[in-house]
Amino acid sequence: MPNSFMQEAIKRAVENVRSGRGGPFAAVVVKEGRIIAAGTNCVTSTNDPTAHAEVIAIREACRVLGTFQLTGCEIYASCEPCPMCLGAVYWARPERVYFAATSGDAAAAGFDDSFIYGELKRPHPERRIPIEPMMREAALEPFREWEQKSDRIRY
């Protein structure tokens with residue numbers, strides 16, 4: 001059965017390329033042996049740099065399930081998740097992620113994410129896009145409010 005889920009993700013990735021909606025990536029979310037959500041890369045058709053297949057599939061699965069966590073779910077991605085998608089995966093907390101093509105395969109096709117991993121290792125001011133902290137003390141107020149909130153939903 002898992003092979004059929006991955007085949008579906010790959011099929012959707014191919015269809016996405018042919019349709020011109022976006023890059024060669026797709027993902028499906030599976031729970032209890034059935035696909036509950038799917039996503040394809042729609043970066044160029046939506047002008048949204050976050051519209052990666054895994055992110056779209058995770059958003060849809062969470063909407064379907066009515067929760068912000070994918071407990072008991074598996075994600076099948078046509079390619080190894082990029083750093084952004086990997087972050088989304090960890091926040092969504094599925095049971096497992098399967099991928100087909102590797103990040104190296106994606107890089108060979110022009111989708112190289114290795115520079116992001118390198119940027120994360122650099123000090124903030126030395127990154128390609130300089131990142132500068134400011135107003136930290138003022139920004140601690142929302143955290144104090146959060147800590148005082150008795151009905152907060154932890155995640």
# chains A, B, ... in the order shown; residues from 1 in each chain; ligands from 1
>>> select_by_dssp(residues="segment 12-121 of chain A", states="strand (DSSP E)", output="MDAnalysis selection string")
chainID A and resid 26:31 34:40 73:79 96:101
>>> write_last_selection(atoms="C-alpha atoms", output="PDB file, in the first residue's frame")
ATOM      1  CA  ALA A  26       3.827  16.850  -4.744  1.00  0.00           C
ATOM      2  CA  ALA A  27       2.882  15.343  -1.398  1.00  0.00           C
ATOM      3  CA  VAL A  28      -0.004  13.378   0.055  1.00  0.00           C
ATOM      4  CA  VAL A  29      -1.035  12.961   3.687  1.00  0.00           C
ATOM      5  CA  VAL A  30      -2.313   9.543   4.674  1.00  0.00           C
ATOM      6  CA  LYS A  31      -4.272   8.548   7.751  1.00  0.00           C
ATOM      7  CA  ARG A  34      -6.331   6.554   2.967  1.00  0.00           C
ATOM      8  CA  ILE A  35      -5.248   9.844   1.460  1.00  0.00           C
ATOM      9  CA  ILE A  36      -6.859  12.709   3.364  1.00  0.00           C
ATOM     10  CA  ALA A  37      -5.030  15.585   1.674  1.00  0.00           C
ATOM     11  CA  ALA A  38      -2.647  16.380  -1.151  1.00  0.00           C
ATOM     12  CA  GLY A  39      -0.590  19.305  -2.312  1.00  0.00           C
ATOM     13  CA  THR A  40       1.512  20.283  -5.275  1.00  0.00           C
ATOM     14  CA  CYS A  73      -0.609  10.502   9.792  1.00  0.00           C
ATOM     15  CA  GLU A  74       2.125   9.817   7.287  1.00  0.00           C
ATOM     16  CA  ILE A  75       3.381  12.159   4.576  1.00  0.00           C
ATOM     17  CA  TYR A  76       4.524  10.852   1.209  1.00  0.00           C
ATOM     18  CA  ALA A  77       6.557  13.452  -0.692  1.00  0.00           C
ATOM     19  CA  SER A  78       7.791  13.084  -4.239  1.00  0.00           C
ATOM     20  CA  CYS A  79      11.081  14.666  -3.118  1.00  0.00           C
ATOM     21  CA  ARG A  96       6.514   9.407   9.595  1.00  0.00           C
ATOM     22  CA  VAL A  97       7.622  11.006   6.328  1.00  0.00           C
ATOM     23  CA  TYR A  98       8.571   9.105   3.194  1.00  0.00           C
ATOM     24  CA  PHE A  99      10.281  10.732   0.214  1.00  0.00           C
ATOM     25  CA  ALA A 100      11.302   9.542  -3.245  1.00  0.00           C
ATOM     26  CA  ALA A 101      13.818  11.829  -4.996  1.00  0.00           C
TER      27      ALA A 101
END
>>> residues_around(residues="segment 151-155 of chain A", least_positions_apart="4", cutoff="9 Å", atoms="only C-alpha atoms", output="JSON list (two decimals) with C-alpha atoms, in the first residue's frame")
[["chain", "number", "residue", "atom", "x", "y", "z"],
["A", 68, "PHE", "CA", -3.00, 21.64, 13.95],
["A", 69, "GLN", "CA", -1.18, 18.33, 14.42],
["A", 91, "TRP", "CA", 5.50, 21.49, 13.66],
["A", 146, "TRP", "CA", 1.18, 33.86, 26.99],
["A", 147, "GLU", "CA", 2.64, 32.46, 30.20]]
>>> select_by_dssp(residues="segment 55-138 of chain A", states="helix (DSSP H, G or I)", output="ChimeraX atom specification")
/A:55-65,83-92,103-108,114-121,124-126,136-138
>>> atom_distance(atom1="atom CA of Thr46 of chain A", atom2="atom CA of Val64 of chain A")
21.9 Å
>>> residues_around(residues="Cys42 of chain A", least_positions_apart="6", cutoff="8 Å", atoms="only C-alpha atoms", output="list in words")
Arg21, Gly22, Gly23, Asp48, Ala51, His52 and Ala53 of chain A
>>> atom_distance(atom1="atom CA of Glu119 of chain A", atom2="atom CA of Pro83 of chain A")
11.4 Å
>>> closest_residue(among="A:Leu65, A:Ile58, A:Val17, A:Ile129", to="Val43 of chain A", atoms="only C-alpha atoms")
A:Val17
>>> closest_residue(among="A:Pro94, A:Pro133, A:Gly104, A:Pro2", to="Leu70 of chain A", atoms="only C-alpha atoms")
A:Pro94
>>> closest_residue(among="A:Val14, A:Cys82, A:Ala138, A:Ala61", to="Asp113 of chain A", atoms="only C-alpha atoms")
A:Cys82
>>> closest_residue(among="A:Phe25, A:Arg128, A:Lys121, A:Ala107", to="Cys85 of chain A", atoms="only C-alpha atoms")
A:Phe25
>>> residues_around(residues="Ala88 of chain A", least_positions_apart="4", cutoff="9 Å", atoms="only C-alpha atoms", output="mmCIF file with N, CA and C atoms, in the first residue's frame")
data_model
loop_
_atom_site.group_PDB
_atom_site.id
_atom_site.type_symbol
_atom_site.label_atom_id
_atom_site.label_comp_id
_atom_site.auth_asym_id
_atom_site.auth_seq_id
_atom_site.Cartn_x
_atom_site.Cartn_y
_atom_site.Cartn_z
ATOM 1 N N GLU A 54 4.479 20.119 0.332
ATOM 2 C CA GLU A 54 4.267 19.609 1.687
ATOM 3 C C GLU A 54 3.481 20.598 2.535
ATOM 4 N N VAL A 55 3.776 21.871 2.405
ATOM 5 C CA VAL A 55 3.073 22.895 3.181
ATOM 6 C C VAL A 55 1.591 22.902 2.810
ATOM 7 N N ILE A 58 -0.038 19.743 4.188
ATOM 8 C CA ILE A 58 -0.195 19.831 5.640
ATOM 9 C C ILE A 58 -1.357 20.758 5.996
ATOM 10 N N PRO A 83 14.251 22.766 3.610
ATOM 11 C CA PRO A 83 14.295 23.223 5.008
ATOM 12 C C PRO A 83 12.968 23.810 5.507
ATOM 13 N N MET A 84 12.282 24.593 4.673
ATOM 14 C CA MET A 84 11.006 25.169 5.098
ATOM 15 C C MET A 84 9.975 24.074 5.333
ATOM 16 N N ALA A 92 3.963 20.024 12.464
ATOM 17 C CA ALA A 92 2.729 19.252 12.288
ATOM 18 C C ALA A 92 2.776 17.903 13.003
ATOM 19 N N ARG A 93 3.971 17.405 13.246
ATOM 20 C CA ARG A 93 4.185 16.165 14.005
ATOM 21 C C ARG A 93 3.494 14.922 13.432
#
